[in-house]
Each structure stands twice: as C-alpha cells, then as structure tokens.
>>> print(open('model.csv').read())   # CSV, C-alpha atoms and all ligand atoms
chain,number,residue,atom,x,y,z
V,1,MET,CA,0.0,0.0,0.0
V,2,GLN,CA,1.2,3.4,-0.9
V,3,ILE,CA,0.2,6.7,0.8
V,4,THR,CA,0.6,10.0,-1.0
V,5,THR,CA,-0.4,13.5,0.2
V,6,VAL,CA,-1.0,16.4,-2.0
V,7,THR,CA,-0.1,19.6,-0.2
V,8,SER,CA,1.0,23.3,-0.7
V,9,LEU,CA,0.7,26.0,1.9
V,10,SER,CA,-1.5,28.4,0.1
V,11,GLY,CA,-5.1,28.1,-1.1
V,12,GLY,CA,-6.0,27.9,-4.8
V,13,GLN,CA,-2.8,26.0,-5.8
V,14,GLY,CA,-4.6,23.0,-7.4
V,15,LYS,CA,-4.4,20.5,-4.5
V,16,THR,CA,-8.0,19.3,-4.6
V,17,THR,CA,-8.0,19.3,-8.4
V,18,THR,CA,-4.9,17.2,-8.5
V,19,VAL,CA,-6.3,14.7,-5.9
V,20,PHE,CA,-9.5,14.5,-7.8
V,21,PHE,CA,-8.1,13.7,-11.2
V,22,LEU,CA,-5.3,11.5,-9.9
V,23,GLY,CA,-7.8,9.4,-8.0
V,24,LEU,CA,-9.8,9.0,-11.1
V,25,ALA,CA,-6.7,8.1,-13.2
V,26,LEU,CA,-5.6,5.5,-10.6
V,27,ALA,CA,-9.0,3.9,-10.2
V,28,LYS,CA,-9.4,3.7,-14.0
V,29,LYS,CA,-6.2,1.6,-14.1
V,30,GLY,CA,-7.8,-0.9,-11.7
V,31,ILE,CA,-5.9,0.4,-8.7
V,32,LYS,CA,-8.0,0.3,-5.6
V,33,THR,CA,-7.8,3.9,-4.3
V,34,LEU,CA,-9.0,5.8,-1.2
V,35,TRP,CA,-9.3,9.6,-1.2
V,36,ILE,CA,-9.0,11.2,2.2
V,37,ASP,CA,-10.3,14.7,2.6
V,38,GLY,CA,-7.9,16.4,5.0
V,39,ASP,CA,-9.4,19.9,4.6
V,40,PRO,CA,-12.3,21.2,6.7
V,41,GLN,CA,-13.4,23.2,3.6
V,42,HIS,CA,-14.1,19.7,2.3
V,43,ASN,CA,-14.0,20.5,-1.5
V,44,LEU,CA,-12.9,16.9,-2.2
V,45,THR,CA,-15.9,15.6,-0.4
V,46,LEU,CA,-18.1,17.7,-2.7
V,47,TYR,CA,-16.1,17.1,-5.9
V,48,GLY,CA,-16.1,13.4,-5.1
V,49,ARG,CA,-19.8,13.3,-4.4
V,50,SER,CA,-19.4,11.4,-1.1
V,51,PRO,CA,-22.5,9.4,-0.5
V,52,HIS,CA,-22.3,9.6,3.3
V,53,LYS,CA,-25.1,11.1,5.3
V,54,GLU,CA,-24.5,14.1,7.6
V,55,ASP,CA,-24.5,12.0,10.8
V,56,GLU,CA,-22.2,9.3,9.5
V,57,PRO,CA,-18.5,9.0,10.5
V,58,THR,CA,-15.9,11.1,8.7
V,59,LEU,CA,-12.1,11.7,9.0
V,60,LEU,CA,-12.7,13.5,12.3
V,61,GLU,CA,-14.1,10.4,13.9
V,62,CYS,CA,-11.3,8.3,12.4
V,63,LEU,CA,-8.6,10.6,13.8
V,64,THR,CA,-10.2,10.9,17.3
V,65,LYS,CA,-10.7,7.1,17.4
V,66,ALA,CA,-14.5,7.5,17.8
V,67,VAL,CA,-14.9,4.8,15.1
V,68,LYS,CA,-12.7,2.2,13.4
V,69,PRO,CA,-11.0,3.8,10.3
V,70,ILE,CA,-12.9,1.5,7.9
V,71,GLU,CA,-16.2,2.8,9.3
V,72,ALA,CA,-15.5,6.2,7.8
V,73,VAL,CA,-14.9,4.9,4.3
V,74,TYR,CA,-17.5,5.1,1.6
V,75,LYS,CA,-17.7,3.8,-2.0
V,76,THR,CA,-17.9,6.5,-4.6
V,77,GLN,CA,-19.7,6.4,-7.9
V,78,TRP,CA,-16.5,5.4,-9.7
V,79,ASP,CA,-15.2,1.8,-9.7
V,80,ASN,CA,-12.2,1.2,-7.4
V,81,LEU,CA,-12.5,4.6,-5.8
V,82,TYR,CA,-13.5,5.2,-2.2
V,83,ILE,CA,-13.6,8.2,0.1
V,84,MET,CA,-13.1,9.2,3.7
V,85,PRO,CA,-15.0,12.4,3.7
V,86,SER,CA,-14.9,15.5,5.9
V,87,ASP,CA,-17.0,18.5,6.8
V,88,ARG,CA,-16.4,21.8,8.7
V,89,ALA,CA,-16.3,19.9,12.1
V,90,LEU,CA,-12.8,18.6,11.0
V,91,GLU,CA,-11.4,21.9,12.5
V,92,GLN,CA,-12.1,20.3,15.9
V,93,SER,CA,-9.3,17.8,15.3
V,94,GLN,CA,-6.7,20.5,15.6
V,95,THR,CA,-7.0,20.6,19.4
V,96,TYR,CA,-7.1,16.8,19.6
V,97,LEU,CA,-3.9,16.5,17.5
V,98,ALA,CA,-2.1,19.2,19.5
V,99,ASN,CA,-2.9,17.4,22.8
V,100,GLU,CA,-1.7,14.0,21.7
V,101,SER,CA,2.0,13.1,21.8
V,102,MET,CA,3.4,12.8,18.2
V,103,GLY,CA,0.1,14.2,16.8
V,104,GLU,CA,1.9,14.4,13.4
V,105,ARG,CA,2.0,10.5,13.2
V,106,ILE,CA,-1.7,10.0,14.2
V,107,LEU,CA,-3.2,9.9,10.7
V,108,HIS,CA,-0.5,7.4,9.6
V,109,ARG,CA,-1.2,5.1,12.5
V,110,ARG,CA,-4.9,5.2,11.8
V,111,ILE,CA,-4.8,4.4,8.1
V,112,LYS,CA,-1.7,2.3,7.5
V,113,ASP,CA,-3.7,-1.0,7.6
V,114,LEU,CA,-6.6,0.0,5.5
V,115,PRO,CA,-7.1,-2.4,2.5
V,116,PHE,CA,-6.2,-0.1,-0.4
V,117,ASP,CA,-3.5,-0.1,-3.1
V,118,VAL,CA,-3.2,3.7,-2.9
V,119,ILE,CA,-4.4,6.3,-0.4
V,120,LEU,CA,-4.4,9.9,-1.7
V,121,ILE,CA,-4.7,12.6,0.9
V,122,ASP,CA,-5.9,16.2,0.2
V,123,SER,CA,-4.6,18.7,2.7
V,124,GLN,CA,-5.7,22.1,4.0
V,125,PRO,CA,-3.6,25.2,3.2
V,126,GLY,CA,-1.4,26.7,5.9
V,127,ARG,CA,0.7,25.4,8.7
V,128,SER,CA,-1.5,23.5,11.1
V,129,GLN,CA,-1.6,20.3,13.2
V,130,LEU,CA,-4.0,18.9,10.7
V,131,CYS,CA,-1.8,19.7,7.7
V,132,SER,CA,1.3,18.2,9.5
V,133,THR,CA,-0.5,15.0,10.3
V,134,CYS,CA,-1.6,14.7,6.6
V,135,ILE,CA,2.0,15.3,5.4
V,136,CYS,CA,3.5,12.9,7.9
V,137,ALA,CA,1.0,10.2,7.0
V,138,ALA,CA,2.6,9.9,3.5
V,139,GLU,CA,5.6,8.2,1.9
V,140,LYS,CA,5.3,10.5,-1.0
V,141,ILE,CA,4.3,14.2,-1.4
V,142,ILE,CA,3.1,15.9,-4.5
V,143,ILE,CA,3.2,19.7,-4.4
V,144,PRO,CA,1.0,21.6,-6.9
V,145,VAL,CA,1.8,25.3,-7.2
V,146,GLU,CA,0.4,28.1,-9.4
V,147,SER,CA,2.7,29.1,-12.3
V,148,ASN,CA,3.1,32.7,-11.1
V,149,SER,CA,5.0,34.6,-8.4
V,150,LYS,CA,2.6,33.5,-5.6
V,151,GLY,CA,3.4,29.9,-6.6
V,152,LEU,CA,7.1,30.5,-6.2
V,153,VAL,CA,6.7,31.8,-2.6
V,154,CYS,CA,4.3,29.0,-1.8
V,155,LEU,CA,6.7,26.4,-3.1
V,156,GLN,CA,9.6,27.7,-1.0
V,157,SER,CA,7.5,27.8,2.2
V,158,THR,CA,6.0,24.3,1.5
V,159,LEU,CA,9.5,22.8,1.0
V,160,GLU,CA,10.7,24.5,4.2
V,161,THR,CA,7.8,23.1,6.2
V,162,ILE,CA,8.5,19.6,4.9
V,163,GLU,CA,12.2,20.0,5.7
V,164,ASP,CA,11.3,21.1,9.3
V,165,LEU,CA,9.0,18.0,9.7
V,166,THR,CA,11.8,15.8,8.3
V,167,GLU,CA,14.4,17.3,10.7
V,168,CYS,CA,12.3,16.6,13.8
V,169,GLY,CA,11.8,13.0,12.7
V,170,ALA,CA,8.0,13.3,12.1
V,171,PHE,CA,8.1,13.0,8.3
V,172,GLU,CA,10.0,10.0,6.8
V,173,GLY,CA,8.9,10.2,3.2
V,174,LYS,CA,10.1,12.3,0.2
V,175,VAL,CA,8.8,14.9,-2.1
V,176,ALA,CA,8.0,13.0,-5.3
V,177,ALA,CA,6.8,15.7,-7.7
V,178,ILE,CA,6.0,19.4,-8.1
V,179,VAL,CA,3.1,20.1,-10.4
V,180,PRO,CA,2.9,23.5,-12.1
V,181,PHE,CA,-0.8,24.6,-11.9
V,182,ARG,CA,-2.6,26.9,-14.2
V,183,ASP,CA,0.2,27.1,-16.8
V,184,THR,CA,-1.1,29.8,-19.1
V,185,ILE,CA,-0.8,29.4,-22.9
V,186,ARG,CA,-2.0,32.3,-25.1
V,187,GLY,CA,-2.1,31.3,-28.7
V,188,ILE,CA,0.8,29.0,-29.1
V,189,ASN,CA,3.0,30.7,-26.5
V,190,ARG,CA,3.3,30.4,-22.8
V,191,THR,CA,2.8,33.8,-21.0
V,192,LYS,CA,5.9,35.5,-19.5
V,193,ILE,CA,4.6,34.9,-16.0
V,194,SER,CA,4.1,31.2,-16.5
V,195,SER,CA,7.5,30.9,-18.4
V,196,LYS,CA,9.3,32.6,-15.5
V,197,ALA,CA,7.6,30.4,-12.9
V,198,ILE,CA,8.2,27.2,-14.7
V,199,ALA,CA,11.9,28.0,-15.3
V,200,TYR,CA,12.2,28.6,-11.6
V,201,PHE,CA,10.4,25.2,-10.8
V,202,GLN,CA,12.8,23.5,-13.2
V,203,LYS,CA,15.8,25.0,-11.4
V,204,VAL,CA,14.4,23.8,-8.0
V,205,GLY,CA,14.0,20.4,-9.6
V,206,GLU,CA,17.6,20.3,-10.8
V,207,GLU,CA,18.9,21.4,-7.4
V,208,THR,CA,16.8,19.0,-5.3
V,209,GLY,CA,16.2,16.1,-7.6
V,210,ILE,CA,12.4,16.5,-7.4
V,211,LYS,CA,10.5,15.7,-10.5
V,212,ILE,CA,8.7,18.5,-12.2
V,213,ALA,CA,5.5,17.0,-13.6
V,214,ALA,CA,3.8,18.0,-16.8
V,215,SER,CA,1.8,21.1,-16.0
V,216,ILE,CA,-1.9,21.5,-15.5
V,217,VAL,CA,-2.8,24.1,-18.1
V,218,ASP,CA,-5.1,27.1,-17.3
V,219,SER,CA,-8.4,25.9,-18.7
V,220,GLU,CA,-12.1,25.8,-17.8
V,221,LYS,CA,-12.2,22.2,-18.9
V,222,TYR,CA,-10.9,20.9,-15.5
V,223,LYS,CA,-13.7,22.6,-13.6
V,224,GLN,CA,-16.3,21.5,-16.2
V,225,ALA,CA,-15.1,17.9,-15.8
V,226,ILE,CA,-15.3,18.1,-12.0
V,227,ASP,CA,-18.8,19.6,-12.2
V,228,ALA,CA,-19.9,16.8,-14.5
V,229,GLY,CA,-18.0,14.1,-12.6
V,230,ILE,CA,-16.3,12.9,-15.8
V,231,TYR,CA,-12.8,12.1,-16.9
V,232,LEU,CA,-10.7,14.9,-18.5
V,233,PRO,CA,-10.4,15.1,-22.3
V,234,GLU,CA,-7.5,12.9,-23.4
V,235,GLU,CA,-5.2,15.8,-24.3
V,236,LEU,CA,-5.3,17.0,-20.7
V,237,GLU,CA,-4.9,13.6,-19.0
V,238,HIS,CA,-1.1,13.5,-19.4
V,239,THR,CA,-0.3,15.1,-16.0
V,240,PHE,CA,-2.2,12.5,-14.1
V,241,THR,CA,-1.0,9.6,-16.2
V,242,GLN,CA,2.5,10.7,-15.3
V,243,LEU,CA,1.6,11.1,-11.6
V,244,THR,CA,0.2,7.6,-11.4
V,245,GLU,CA,3.7,6.5,-12.5
V,246,VAL,CA,5.3,8.6,-9.8
V,247,ILE,CA,3.1,7.0,-7.2
V,248,ASN,CA,3.7,3.4,-8.4
V,249,ASP,CA,7.5,4.0,-8.8
V,301,LIG,N1,-6.8,23.9,-15.0
V,301,LIG,C1,-7.4,24.9,-14.3
V,301,LIG,N2,-7.4,26.2,-14.8
V,301,LIG,C2,-8.0,27.2,-14.1
V,301,LIG,N3,-8.6,27.1,-13.0
V,301,LIG,C3,-8.7,25.8,-12.5
V,301,LIG,C4,-8.1,24.7,-13.1
V,301,LIG,N4,-8.3,23.6,-12.4
V,301,LIG,C5,-9.0,24.0,-11.3
V,301,LIG,N5,-9.2,25.3,-11.3
V,301,LIG,C6,-9.9,26.2,-10.3
V,301,LIG,O1,-8.9,26.7,-9.5
V,301,LIG,C7,-9.4,26.8,-8.2
V,301,LIG,C8,-8.4,26.3,-7.1
V,301,LIG,O2,-8.2,24.9,-7.4
V,301,LIG,P1,-8.2,23.9,-6.1
V,301,LIG,O3,-7.8,22.6,-6.7
V,301,LIG,O4,-9.4,23.9,-5.4
V,301,LIG,O5,-7.0,24.5,-5.2
V,301,LIG,P2,-6.6,24.2,-3.7
V,301,LIG,O6,-7.2,22.8,-3.3
V,301,LIG,O7,-5.1,24.2,-3.7
V,301,LIG,O8,-7.2,25.3,-2.9
V,301,LIG,C9,-10.7,26.1,-8.1
V,301,LIG,O9,-11.8,27.1,-8.1
V,301,LIG,C10,-10.8,25.3,-9.4
V,301,LIG,O10,-12.1,25.2,-9.9
V,302,MG,MG,-8.5,22.3,-1.8
>>> encode(input="model.csv", output="structure tokens")
Amino acid sequence: MQITTVTSLSGGQGKTTTVFFLGLALAKKGIKTLWIDGDPQHNLTLYGRSPHKEDEPTLLECLTKAVKPIEAVYKTQWDNLYIMPSDRALEQSQTYLANESMGERILHRRIKDLPFDVILIDSQPGRSQLCSTCICAAEKIIIPVESNSKGLVCLQSTLETIEDLTECGAFEGKVAAIVPFRDTIRGINRTKISSKAIAYFQKVGEETGIKIAASIVDSEKYKQAIDAGIYLPEELEHTFTQLTEVIND
C-alpha cells in the first residue's frame, strides 16, 4: 500500500483538483484507491460526491478514534474509488492532535492497515496540526503550485515546512513531484509569467532532484469535468497519467 499526500501551503494552488483527477486516473487503471479529505473546507468531499449522510462518520471520527477507520470509508460512484470524507467539524481535530503526543503521526497510524493499493490525501492550506499529520502520513508528497509569483513563494514555504518536519523526525517520506498549476498558454506561447515560474520550478527540480511533472494548463475544462463528474479530455490527462507512474514508482 502506498500513501501520497498532495499539499501546498497556500489556497488555490490546485491541491484538490490534483487529488480528484489523480484518484480517477488510478482507479481507471484498476488500482483500488482511497481519497482522504484532510481539509475542513471539504471540497474533495463535494467534488467526489461522497455518498455519506450528515450524521455518519468522517475523517474527524477516524482521527479521534470514535470509530474504526474503515467505518469512515464510503464507496464513490466510480469503480475502485473510495472516500473518507470531511466537513467543517474537522477543524475540531486541531486541538485533539495538539494534545496527543506525536500528533503528526496519528493519521499514519490510523490508516496504515486499510485495505487499499493507494491512499491519496488532500490537505488544507497553511501550517496546522492537521496539515502536519496529513504530510507525515505519507511516503510521497506531491506539491502543486500556481505558475506565477505567488506559486514561487508558496513552493519555498512548503518545502521549508516539509524540511522542518523531516528534521524533527515526524516525516519519513520524500517529495516525489512538483506540479505547475494553471500554466497559461496564449495562442501558441506560454505567457511570460508562466514561463518565468516554470523555469524557476525546473531550477528547483535540478537542485533538489524533485521531478517537475507535466503542467496543469489554465483551462475551464478541468472545472467542467469536475462539475460533470467525468474524466478529462484525453489531451489533458497527461499530467495525471505521469503522476500515477510517480506513485507506483
Ligand atoms: N486547470 C485549471 N485552470 C484554471 N482554474 C482551475 C483549473 N483547475 C482548477 N481550477 C480552479 O482553481 C481553483 C483552485 O483549485 P483547487 O484545486 O481547489 O486548489 P486548492 O485545493 O489548492 O485550494 C478552483 O476554483 C478550481 O475550480
Ligand atoms: Mg483544496
């Protein structure tokens, strides 16, 4: 079993979009996949059309040991794809995690024996106990970042946070890929802002050995596919096909 967390410290960097389409791509290949929604804003729960009812267990009850982890898992409408959903109440887990010793390792301990080939965790933006436990649950981290100056700053602070968690022994995995998000092409050319950002990501890749994945281009088609609950058009699937290989590597 392989656990991957998709994280980046700012909002709007493409985390939930990446988790959504990567989950679909893995499941389509016959890989039994579990999505975990680690963000109290619970966009993945909405995008993934979680079938659970309001009073049924979520990630919060799994973290706080109110239920067995498998009791917070639901089958989605897609074959091979399951979800551990969340709602706003997940915010309550912050205090619980802060009061437990090694709160960063709690999610890992809870999910490590679940019967899936791949677990994909979506995380909330910002430094928090919840975000740390989502990062430290994983063997591999994927960092999506916007292809602009905000993305550059976000990438630096995300890498620093992961380094801090590694130094204190809480995180034992590695950063497997950086995904440029909203790469903007006008006509046949990439905009100057995107070009500059992607050149910077490539430089970080060369310095650190982290793979820079094929970018997610700026397009309404991603949102349209999420809203319709369907796969991406073939010409846009490349990023996620590549990321399935990163996970199975
Ligand atoms: N390829 C794309 N081009 C432009 N906007 C996109 C694309 N994919 C997703 N979006 C939109 O960008 C916003 C942020 O994406 P999201 O994945 O929710 O980021 P995060 O989870 O990091 O906050 C969402 O409103 C989403 O609909
Ligand atoms: Mg999100």
>>> residues_near_ligand(input="model.csv", ligand="ligand LIG 301 (chain V)", cutoff="9 Å", atoms="all atoms listed in the file", output="ChimeraX atom specification")
/V:6-20,39,43-44,122-125,144-146,181-184,216-224,226
>>> closest_residue(input="model.csv", among="V:Gly23, V:Gly30, V:Pro40, V:Gly173", to="ligand MG 302 (chain V)", atoms="all atoms listed in the file")
V:Pro40
>>> residues_near_point(input="model.csv", point="(10.0, 18.8, -11.4)", cutoff="12 Å", atoms="all atoms listed in the file", output="NGL selection string")
:V and (142-145 or 155 or 175-180 or 197-215 or 239 or 242-243 or 246)
>>> residues_near_point(input="model.csv", point="(-15.2, 10.6, 8.7)", cutoff="8 Å", atoms="only C-alpha atoms", output="compact mmCIF listing (two decimals) with C-alpha atoms, keeping the file's coordinate frame")
# COMPACT_ATOMS: atom_id res chain seq x y z
CA GLU V 56 -22.20 9.30 9.50
CA PRO V 57 -18.50 9.00 10.50
CA THR V 58 -15.90 11.10 8.70
CA LEU V 59 -12.10 11.70 9.00
CA LEU V 60 -12.70 13.50 12.30
CA GLU V 61 -14.10 10.40 13.90
CA CYS V 62 -11.30 8.30 12.40
CA GLU V 71 -16.20 2.80 9.30
CA ALA V 72 -15.50 6.20 7.80
CA VAL V 73 -14.90 4.90 4.30
CA MET V 84 -13.10 9.20 3.70
CA PRO V 85 -15.00 12.40 3.70
CA SER V 86 -14.90 15.50 5.90
>>> closest_residue(input="model.csv", among="V:Thr241, V:Leu81, V:Asp55, V:Thr33", to="Ile119 in chain V", atoms="all atoms listed in the file")
V:Thr33
>>> closest_residue(input="model.csv", among="V:Cys131, V:Lys75, V:Arg109, V:Gln94", to="ligand MG 302 (chain V)", atoms="only C-alpha atoms and all ligand atoms")
V:Cys131
>>> closest_residue(input="model.csv", among="V:Ala170, V:Val153, V:Ile141, V:Ile36", to="ligand MG 302 (chain V)", atoms="all atoms listed in the file")
V:Ile36
>>> atom_distance(input="model.csv", atom1="CA of Ala225 in chain V", atom2="CA of Glu237 in chain V")
11.5 Å
>>> atom_distance(input="model.csv", atom1="CA of His52 in chain V", atom2="CA of Gly126 in chain V")
27.1 Å
>>> decode(input="model.csv", residues="range 180-220 of chain V", atoms="N, CA and C atoms", output="PDB file, in the first residue's frame")
ATOM      1  N   PRO V 180       3.280  22.151 -11.801  1.00  0.00           N
ATOM      2  CA  PRO V 180       2.908  23.530 -12.136  1.00  0.00           C
ATOM      3  C   PRO V 180       1.408  23.601 -12.450  1.00  0.00           C
ATOM      4  N   PHE V 181       0.700  24.466 -11.753  1.00  0.00           N
ATOM      5  CA  PHE V 181      -0.761  24.576 -11.885  1.00  0.00           C
ATOM      6  C   PHE V 181      -1.099  25.858 -12.632  1.00  0.00           C
ATOM      7  N   ARG V 182      -2.135  25.800 -13.471  1.00  0.00           N
ATOM      8  CA  ARG V 182      -2.617  26.944 -14.250  1.00  0.00           C
ATOM      9  C   ARG V 182      -1.518  27.558 -15.126  1.00  0.00           C
ATOM     10  N   ASP V 183      -0.788  26.662 -15.789  1.00  0.00           N
ATOM     11  CA  ASP V 183       0.214  27.073 -16.769  1.00  0.00           C
ATOM     12  C   ASP V 183      -0.562  27.748 -17.912  1.00  0.00           C
ATOM     13  N   THR V 184      -0.230  29.008 -18.189  1.00  0.00           N
ATOM     14  CA  THR V 184      -1.094  29.774 -19.099  1.00  0.00           C
ATOM     15  C   THR V 184      -0.486  29.921 -20.488  1.00  0.00           C
ATOM     16  N   ILE V 185      -1.207  29.369 -21.459  1.00  0.00           N
ATOM     17  CA  ILE V 185      -0.779  29.431 -22.855  1.00  0.00           C
ATOM     18  C   ILE V 185      -1.713  30.409 -23.573  1.00  0.00           C
ATOM     19  N   ARG V 186      -1.146  31.361 -24.279  1.00  0.00           N
ATOM     20  CA  ARG V 186      -1.961  32.287 -25.089  1.00  0.00           C
ATOM     21  C   ARG V 186      -1.549  32.082 -26.533  1.00  0.00           C
ATOM     22  N   GLY V 187      -2.509  31.679 -27.367  1.00  0.00           N
ATOM     23  CA  GLY V 187      -2.149  31.325 -28.740  1.00  0.00           C
ATOM     24  C   GLY V 187      -1.281  30.089 -28.690  1.00  0.00           C
ATOM     25  N   ILE V 188      -0.046  30.205 -29.207  1.00  0.00           N
ATOM     26  CA  ILE V 188       0.834  29.032 -29.132  1.00  0.00           C
ATOM     27  C   ILE V 188       1.937  29.231 -28.094  1.00  0.00           C
ATOM     28  N   ASN V 189       1.914  30.407 -27.423  1.00  0.00           N
ATOM     29  CA  ASN V 189       3.007  30.707 -26.491  1.00  0.00           C
ATOM     30  C   ASN V 189       2.560  30.707 -25.033  1.00  0.00           C
ATOM     31  N   ARG V 190       3.484  30.301 -24.194  1.00  0.00           N
ATOM     32  CA  ARG V 190       3.300  30.385 -22.754  1.00  0.00           C
ATOM     33  C   ARG V 190       3.485  31.857 -22.349  1.00  0.00           C
ATOM     34  N   THR V 191       2.656  32.374 -21.445  1.00  0.00           N
ATOM     35  CA  THR V 191       2.811  33.771 -21.013  1.00  0.00           C
ATOM     36  C   THR V 191       4.149  33.939 -20.282  1.00  0.00           C
ATOM     37  N   LYS V 192       4.598  35.209 -20.206  1.00  0.00           N
ATOM     38  CA  LYS V 192       5.876  35.483 -19.539  1.00  0.00           C
ATOM     39  C   LYS V 192       5.838  35.041 -18.085  1.00  0.00           C
ATOM     40  N   ILE V 193       4.700  35.291 -17.430  1.00  0.00           N
ATOM     41  CA  ILE V 193       4.574  34.938 -16.002  1.00  0.00           C
ATOM     42  C   ILE V 193       4.729  33.430 -15.812  1.00  0.00           C
ATOM     43  N   SER V 194       4.036  32.655 -16.642  1.00  0.00           N
ATOM     44  CA  SER V 194       4.141  31.195 -16.529  1.00  0.00           C
ATOM     45  C   SER V 194       5.550  30.714 -16.891  1.00  0.00           C
ATOM     46  N   SER V 195       6.126  31.302 -17.935  1.00  0.00           N
ATOM     47  CA  SER V 195       7.475  30.885 -18.366  1.00  0.00           C
ATOM     48  C   SER V 195       8.477  31.076 -17.238  1.00  0.00           C
ATOM     49  N   LYS V 196       8.386  32.238 -16.594  1.00  0.00           N
ATOM     50  CA  LYS V 196       9.329  32.559 -15.528  1.00  0.00           C
ATOM     51  C   LYS V 196       9.154  31.584 -14.350  1.00  0.00           C
ATOM     52  N   ALA V 197       7.893  31.339 -14.007  1.00  0.00           N
ATOM     53  CA  ALA V 197       7.614  30.442 -12.875  1.00  0.00           C
ATOM     54  C   ALA V 197       8.109  29.029 -13.175  1.00  0.00           C
ATOM     55  N   ILE V 198       7.833  28.549 -14.377  1.00  0.00           N
ATOM     56  CA  ILE V 198       8.200  27.164 -14.696  1.00  0.00           C
ATOM     57  C   ILE V 198       9.724  27.004 -14.794  1.00  0.00           C
ATOM     58  N   ALA V 199      10.395  28.046 -15.302  1.00  0.00           N
ATOM     59  CA  ALA V 199      11.864  27.999 -15.327  1.00  0.00           C
ATOM     60  C   ALA V 199      12.395  27.889 -13.892  1.00  0.00           C
ATOM     61  N   TYR V 200      11.760  28.614 -12.986  1.00  0.00           N
ATOM     62  CA  TYR V 200      12.171  28.550 -11.573  1.00  0.00           C
ATOM     63  C   TYR V 200      11.908  27.147 -11.003  1.00  0.00           C
ATOM     64  N   PHE V 201      10.739  26.575 -11.313  1.00  0.00           N
ATOM     65  CA  PHE V 201      10.435  25.220 -10.801  1.00  0.00           C
ATOM     66  C   PHE V 201      11.478  24.226 -11.330  1.00  0.00           C
ATOM     67  N   GLN V 202      11.847  24.378 -12.610  1.00  0.00           N
ATOM     68  CA  GLN V 202      12.847  23.469 -13.201  1.00  0.00           C
ATOM     69  C   GLN V 202      14.177  23.579 -12.457  1.00  0.00           C
ATOM     70  N   LYS V 203      14.510  24.821 -12.085  1.00  0.00           N
ATOM     71  CA  LYS V 203      15.769  25.045 -11.370  1.00  0.00           C
ATOM     72  C   LYS V 203      15.714  24.349  -9.999  1.00  0.00           C
ATOM     73  N   VAL V 204      14.580  24.505  -9.311  1.00  0.00           N
ATOM     74  CA  VAL V 204      14.405  23.823  -8.016  1.00  0.00           C
ATOM     75  C   VAL V 204      14.520  22.314  -8.228  1.00  0.00           C
ATOM     76  N   GLY V 205      13.919  21.826  -9.310  1.00  0.00           N
ATOM     77  CA  GLY V 205      13.984  20.393  -9.627  1.00  0.00           C
ATOM     78  C   GLY V 205      15.420  19.916  -9.806  1.00  0.00           C
ATOM     79  N   GLU V 206      16.205  20.721 -10.544  1.00  0.00           N
ATOM     80  CA  GLU V 206      17.606  20.342 -10.759  1.00  0.00           C
ATOM     81  C   GLU V 206      18.399  20.337  -9.454  1.00  0.00           C
ATOM     82  N   GLU V 207      18.116  21.327  -8.609  1.00  0.00           N
ATOM     83  CA  GLU V 207      18.871  21.435  -7.351  1.00  0.00           C
ATOM     84  C   GLU V 207      18.503  20.353  -6.339  1.00  0.00           C
ATOM     85  N   THR V 208      17.252  19.926  -6.366  1.00  0.00           N
ATOM     86  CA  THR V 208      16.777  19.025  -5.308  1.00  0.00           C
ATOM     87  C   THR V 208      16.563  17.589  -5.784  1.00  0.00           C
ATOM     88  N   GLY V 209      16.527  17.406  -7.115  1.00  0.00           N
ATOM     89  CA  GLY V 209      16.233  16.073  -7.645  1.00  0.00           C
ATOM     90  C   GLY V 209      14.736  15.753  -7.655  1.00  0.00           C
ATOM     91  N   ILE V 210      13.903  16.748  -7.336  1.00  0.00           N
ATOM     92  CA  ILE V 210      12.449  16.517  -7.352  1.00  0.00           C
ATOM     93  C   ILE V 210      11.947  16.626  -8.796  1.00  0.00           C
ATOM     94  N   LYS V 211      11.081  15.679  -9.165  1.00  0.00           N
ATOM     95  CA  LYS V 211      10.539  15.676 -10.535  1.00  0.00           C
ATOM     96  C   LYS V 211       9.568  16.842 -10.732  1.00  0.00           C
ATOM     97  N   ILE V 212       9.671  17.515 -11.881  1.00  0.00           N
ATOM     98  CA  ILE V 212       8.674  18.534 -12.220  1.00  0.00           C
ATOM     99  C   ILE V 212       7.715  17.885 -13.220  1.00  0.00           C
ATOM    100  N   ALA V 213       6.478  17.708 -12.796  1.00  0.00           N
ATOM    101  CA  ALA V 213       5.511  16.985 -13.631  1.00  0.00           C
ATOM    102  C   ALA V 213       5.034  17.867 -14.785  1.00  0.00           C
ATOM    103  N   ALA V 214       4.393  17.238 -15.754  1.00  0.00           N
ATOM    104  CA  ALA V 214       3.752  17.991 -16.840  1.00  0.00           C
ATOM    105  C   ALA V 214       2.713  18.916 -16.216  1.00  0.00           C
ATOM    106  N   SER V 215       2.632  20.151 -16.705  1.00  0.00           N
ATOM    107  CA  SER V 215       1.793  21.121 -16.011  1.00  0.00           C
ATOM    108  C   SER V 215       0.298  20.906 -16.252  1.00  0.00           C
ATOM    109  N   ILE V 216      -0.477  21.440 -15.316  1.00  0.00           N
ATOM    110  CA  ILE V 216      -1.934  21.514 -15.472  1.00  0.00           C
ATOM    111  C   ILE V 216      -2.180  22.872 -16.126  1.00  0.00           C
ATOM    112  N   VAL V 217      -2.653  22.870 -17.358  1.00  0.00           N
ATOM    113  CA  VAL V 217      -2.806  24.148 -18.059  1.00  0.00           C
ATOM    114  C   VAL V 217      -4.031  24.910 -17.557  1.00  0.00           C
ATOM    115  N   ASP V 218      -3.965  26.227 -17.714  1.00  0.00           N
ATOM    116  CA  ASP V 218      -5.079  27.072 -17.304  1.00  0.00           C
ATOM    117  C   ASP V 218      -6.243  26.836 -18.267  1.00  0.00           C
ATOM    118  N   SER V 219      -7.314  26.244 -17.780  1.00  0.00           N
ATOM    119  CA  SER V 219      -8.441  25.922 -18.670  1.00  0.00           C
ATOM    120  C   SER V 219      -9.696  25.650 -17.851  1.00  0.00           C
ATOM    121  N   GLU V 220     -10.813  26.080 -18.389  1.00  0.00           N
ATOM    122  CA  GLU V 220     -12.115  25.839 -17.760  1.00  0.00           C
ATOM    123  C   GLU V 220     -12.506  24.360 -17.804  1.00  0.00           C
TER     124      GLU V 220
END
